[in-house]
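> I have a structure I would like to understand better, so I am pasting it below and will then ask my questions one at a time.
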Amino acid sequence: MKIVGLSGSQIGSKTRIAMDATLKVMAEKYPEVETELIDLADYKMEFSDGRNYLDYSGDTGYVTKTLMEADAIIIGTPIFQASIPAALKNIFDLLPVNAFRDKVVSMLVTAGSAKHYLVADTQLKPILAYMKAQMVQTFVFIEEVDFHQKQIINHDVLMRLERLAEDTVVLTETFTKIREEKEAEYDF
C-alpha cells in the first residue's frame, strides 16, 4: 500500500508541519505502508492547460503520476482568504475527473481561526466527491493557536492526526479487499 501526503501550498509552514506529524505517525504505526510526501513548495508546477496528465513532464508530470499511482492520499491544505490555495486547485485541474476512483482520500486543514472550519466541507469535499474519492469523512482542523515554535502543541490535535492516519489505512485496506473480492467474481 502506498499513501501519498500532499501538502497543498507553495508558502507557509504549518500545513507542512502537520503533514510531517501525520506521516511520522503513519511510519511508526504502519511500517509496512510506503509513504511519500509531496510538498508543493518544493516543486515547480505548470498550470493546467487541459492536457492529459501523462503529457506533462518535469515536476508536474512527477506529481500527477505519483498521485495517480497512490492507493490513498492525505491532503493537507491551509485556508487563505476563506478558500483553498490556487496551487492545490491547480493539482485537481491537472488530474482526470476520475482520478480518485478507488482511492481513499483524507484531509487535514490549517487555518488562522475557527472561522474557516467549514471550508473543507463546502469547497474541498465537493471537489473530491466529483473526482470519485472514497473520503475519510472526518478531517483534522488545526488552528494557529495549536502551533508554537514550529511544533503542534495541542495534544488533542496530535491524537486526531493519529486517528486520521489509522482511518486512512483501515479504509484503504477495506476498500482494497472489497474491490478484490468483487473483481474475483468475474472469470476473465
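All residue names refer to the C-alpha cells as shown: chains lettered A, B, ... in order, residues numbered from 1 in each chain, ligands numbered from 1 in order.
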Can you tell me which residues surround range 150-152 of chain A at a distance of at most 12 Å, considering only C-alpha atoms, apart from same-chain residues fewer than 3 positions away, and format the answer as a ChimeraX atom specification?

/A:12-22,110,142-147,155-161

> Please produce an output containing C-alpha atoms for each residue in the selection, written as a tab-separated table (two decimals), in the first residue's frame.


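New file part24.tsv:
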```tsv
chain	number	residue	atom	x	y	z
A	12	GLY	CA	3.77	28.82	4.80
A	13	SER	CA	4.96	26.10	7.16
A	14	LYS	CA	2.05	24.95	9.33
A	15	THR	CA	0.49	22.59	6.80
A	16	ARG	CA	3.90	21.00	6.18
A	17	ILE	CA	4.42	20.60	9.94
A	18	ALA	CA	1.03	18.87	10.25
A	19	MET	CA	1.75	16.64	7.24
A	20	ASP	CA	5.15	15.68	8.70
A	21	ALA	CA	3.49	14.79	12.03
A	22	THR	CA	0.86	12.67	10.27
A	110	THR	CA	-4.72	24.51	8.86
A	142	ILE	CA	-5.76	22.82	13.16
A	143	GLU	CA	-5.80	26.45	14.22
A	144	GLU	CA	-2.98	28.93	14.66
A	145	VAL	CA	-3.16	28.54	18.46
A	146	ASP	CA	-2.34	24.82	18.14
A	147	PHE	CA	1.21	25.65	16.99
A	155	HIS	CA	-2.36	17.03	22.32
A	156	ASP	CA	-5.93	16.64	21.06
A	157	VAL	CA	-4.76	17.63	17.57
A	158	LEU	CA	-1.94	15.08	17.75
A	159	MET	CA	-4.42	12.37	18.76
A	160	ARG	CA	-6.72	13.35	15.88
A	161	LEU	CA	-3.80	13.17	13.43
```

> Find the spatial neighbours of Tyr43 in chain A, counting only C-alpha atoms, within a cut-off of 8 Å - ignore same-chain residues fewer than 2 positions away - and output them as a list of chain:residue names.

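The residues satisfying every condition are A:Asp39, A:Leu40, A:Ala41, A:Met45, A:Asp59, A:Thr60.
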
> Please report, as a PyMOL selection string, each residue of range 10-187 of chain A to which DSSP assigns helix (DSSP H, G or I) when run on this structure's backbone.

chain A and resi 14-29+40-42+53-55+58-69+86-94+114-116+119-130+144-146+155-184

> Would you please give, as a PyMOL selection string, all residues of range 11-119 of chain A that DSSP assigns to strand (DSSP E or B) based on the backbone?

chain A and resi 34-39+72-78+80+83+104-111

> Neighbouring residues of Met107 in chain A were defined as those with any atom within 8 Å, considering only C-alpha atoms; residues of the same chain fewer than 5 positions away were excluded. Please report them as a PDB file with all heavy atoms, in the first residue's frame.


```
ATOM      1  N   ILE A  74      -3.395  11.714   1.540  1.00  0.00           N
ATOM      2  CA  ILE A  74      -3.749  12.608   2.645  1.00  0.00           C
ATOM      3  C   ILE A  74      -3.478  14.015   2.149  1.00  0.00           C
ATOM      4  O   ILE A  74      -2.327  14.360   1.857  1.00  0.00           O
ATOM      5  CB  ILE A  74      -2.930  12.309   3.914  1.00  0.00           C
ATOM      6  CG1 ILE A  74      -3.145  10.864   4.364  1.00  0.00           C
ATOM      7  CG2 ILE A  74      -3.307  13.291   5.028  1.00  0.00           C
ATOM      8  CD1 ILE A  74      -2.238  10.427   5.504  1.00  0.00           C
ATOM      9  N   ILE A  75      -4.522  14.796   2.014  1.00  0.00           N
ATOM     10  CA  ILE A  75      -4.379  16.168   1.513  1.00  0.00           C
ATOM     11  C   ILE A  75      -4.311  17.112   2.704  1.00  0.00           C
ATOM     12  O   ILE A  75      -5.195  17.118   3.558  1.00  0.00           O
ATOM     13  CB  ILE A  75      -5.553  16.559   0.604  1.00  0.00           C
ATOM     14  CG1 ILE A  75      -5.544  15.699  -0.658  1.00  0.00           C
ATOM     15  CG2 ILE A  75      -5.488  18.046   0.252  1.00  0.00           C
ATOM     16  CD1 ILE A  75      -6.736  15.911  -1.563  1.00  0.00           C
ATOM     17  N   GLY A  76      -3.253  17.890   2.743  1.00  0.00           N
ATOM     18  CA  GLY A  76      -3.120  18.940   3.741  1.00  0.00           C
ATOM     19  C   GLY A  76      -3.260  20.274   3.047  1.00  0.00           C
ATOM     20  O   GLY A  76      -2.628  20.512   2.019  1.00  0.00           O
ATOM     21  N   THR A  77      -4.112  21.128   3.590  1.00  0.00           N
ATOM     22  CA  THR A  77      -4.306  22.434   2.961  1.00  0.00           C
ATOM     23  C   THR A  77      -4.447  23.534   3.993  1.00  0.00           C
ATOM     24  O   THR A  77      -5.146  23.367   4.986  1.00  0.00           O
ATOM     25  CB  THR A  77      -5.540  22.448   2.031  1.00  0.00           C
ATOM     26  OG1 THR A  77      -5.638  23.731   1.395  1.00  0.00           O
ATOM     27  CG2 THR A  77      -6.827  22.169   2.779  1.00  0.00           C
ATOM     28  N   VAL A 136     -12.371   9.841   3.793  1.00  0.00           N
ATOM     29  CA  VAL A 136     -12.454   9.707   5.240  1.00  0.00           C
ATOM     30  C   VAL A 136     -13.287  10.910   5.669  1.00  0.00           C
ATOM     31  O   VAL A 136     -12.892  12.053   5.439  1.00  0.00           O
ATOM     32  CB  VAL A 136     -11.051   9.732   5.890  1.00  0.00           C
ATOM     33  CG1 VAL A 136     -11.170   9.753   7.408  1.00  0.00           C
ATOM     34  CG2 VAL A 136     -10.225   8.547   5.406  1.00  0.00           C
ATOM     35  N   THR A 138     -14.234  12.335   8.504  1.00  0.00           N
ATOM     36  CA  THR A 138     -13.758  13.310   9.481  1.00  0.00           C
ATOM     37  C   THR A 138     -12.393  13.818   9.037  1.00  0.00           C
ATOM     38  O   THR A 138     -11.575  13.062   8.525  1.00  0.00           O
ATOM     39  CB  THR A 138     -13.640  12.676  10.883  1.00  0.00           C
ATOM     40  OG1 THR A 138     -12.817  11.523  10.795  1.00  0.00           O
ATOM     41  CG2 THR A 138     -15.010  12.280  11.412  1.00  0.00           C
ATOM     42  N   PHE A 139     -12.177  15.088   9.207  1.00  0.00           N
ATOM     43  CA  PHE A 139     -10.885  15.670   8.874  1.00  0.00           C
ATOM     44  C   PHE A 139     -10.338  16.351  10.116  1.00  0.00           C
ATOM     45  O   PHE A 139     -11.057  16.561  11.087  1.00  0.00           O
ATOM     46  CB  PHE A 139     -10.988  16.647   7.685  1.00  0.00           C
ATOM     47  CG  PHE A 139     -11.901  17.813   7.916  1.00  0.00           C
ATOM     48  CD1 PHE A 139     -11.428  19.005   8.439  1.00  0.00           C
ATOM     49  CD2 PHE A 139     -13.256  17.726   7.595  1.00  0.00           C
ATOM     50  CE1 PHE A 139     -12.274  20.080   8.647  1.00  0.00           C
ATOM     51  CE2 PHE A 139     -14.111  18.805   7.792  1.00  0.00           C
ATOM     52  CZ  PHE A 139     -13.618  19.980   8.321  1.00  0.00           C
ATOM     53  N   VAL A 140      -9.062  16.654  10.093  1.00  0.00           N
ATOM     54  CA  VAL A 140      -8.429  17.320  11.228  1.00  0.00           C
ATOM     55  C   VAL A 140      -8.283  18.795  10.893  1.00  0.00           C
ATOM     56  O   VAL A 140      -7.697  19.149   9.875  1.00  0.00           O
ATOM     57  CB  VAL A 140      -7.057  16.689  11.552  1.00  0.00           C
ATOM     58  CG1 VAL A 140      -6.396  17.433  12.708  1.00  0.00           C
ATOM     59  CG2 VAL A 140      -7.214  15.208  11.876  1.00  0.00           C
TER      60      VAL A 140
END
```

> Could you please determine the separation between CA of Lys29 in chain A and CA of Val109 in chain A in Å, to one decimal place?

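Distance reported for this atom pair: 22.0 Å.
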
> Looking at only C-alpha atoms, which of A:Asp167, A:Asp42, A:Thr66, A:Met131 is the one that sits closest to Lys2 in chain A?

A:Thr66

> Interatomic distance between CA of Phe141 in chain A and CA of Leu108 in chain A?

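Between CA of Phe141 in chain A and CA of Leu108 in chain A the gap is 5.9 Å.
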
> Tell me, as number ranges by chain, which residues lie within 8 Å of Ser48 in chain A, counting only C-alpha atoms; anything in the same chain fewer than 3 positions away does not count.

A: 51, 90-91, 93-94

> In Å, how far is it from CA of Ala114 in chain A to CA of Ala82 in chain A?

10.9 Å

> Using only C-alpha atoms, find the one residue out of A:Glu162, A:Asp121, A:Glu180, A:Glu46 that sits nearest to Asp102 in chain A.

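Between A:Glu162, A:Asp121, A:Glu180, A:Glu46, the residue approaching Asp102 in chain A most closely is A:Glu180.
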
> Between A:Lys115, A:Leu88, A:Asn154, A:Glu166, which is the closest to Ile127 in chain A once you count only C-alpha atoms?

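Using only C-alpha atoms, Ile127 in chain A sits closest to A:Leu88.
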
> Between A:Ala111, A:Leu95, A:Met1, A:Ala87, single out the one closest to Gly61 in chain A, counting only C-alpha atoms.

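That would be A:Leu95, the residue with the smallest distance to Gly61 in chain A.
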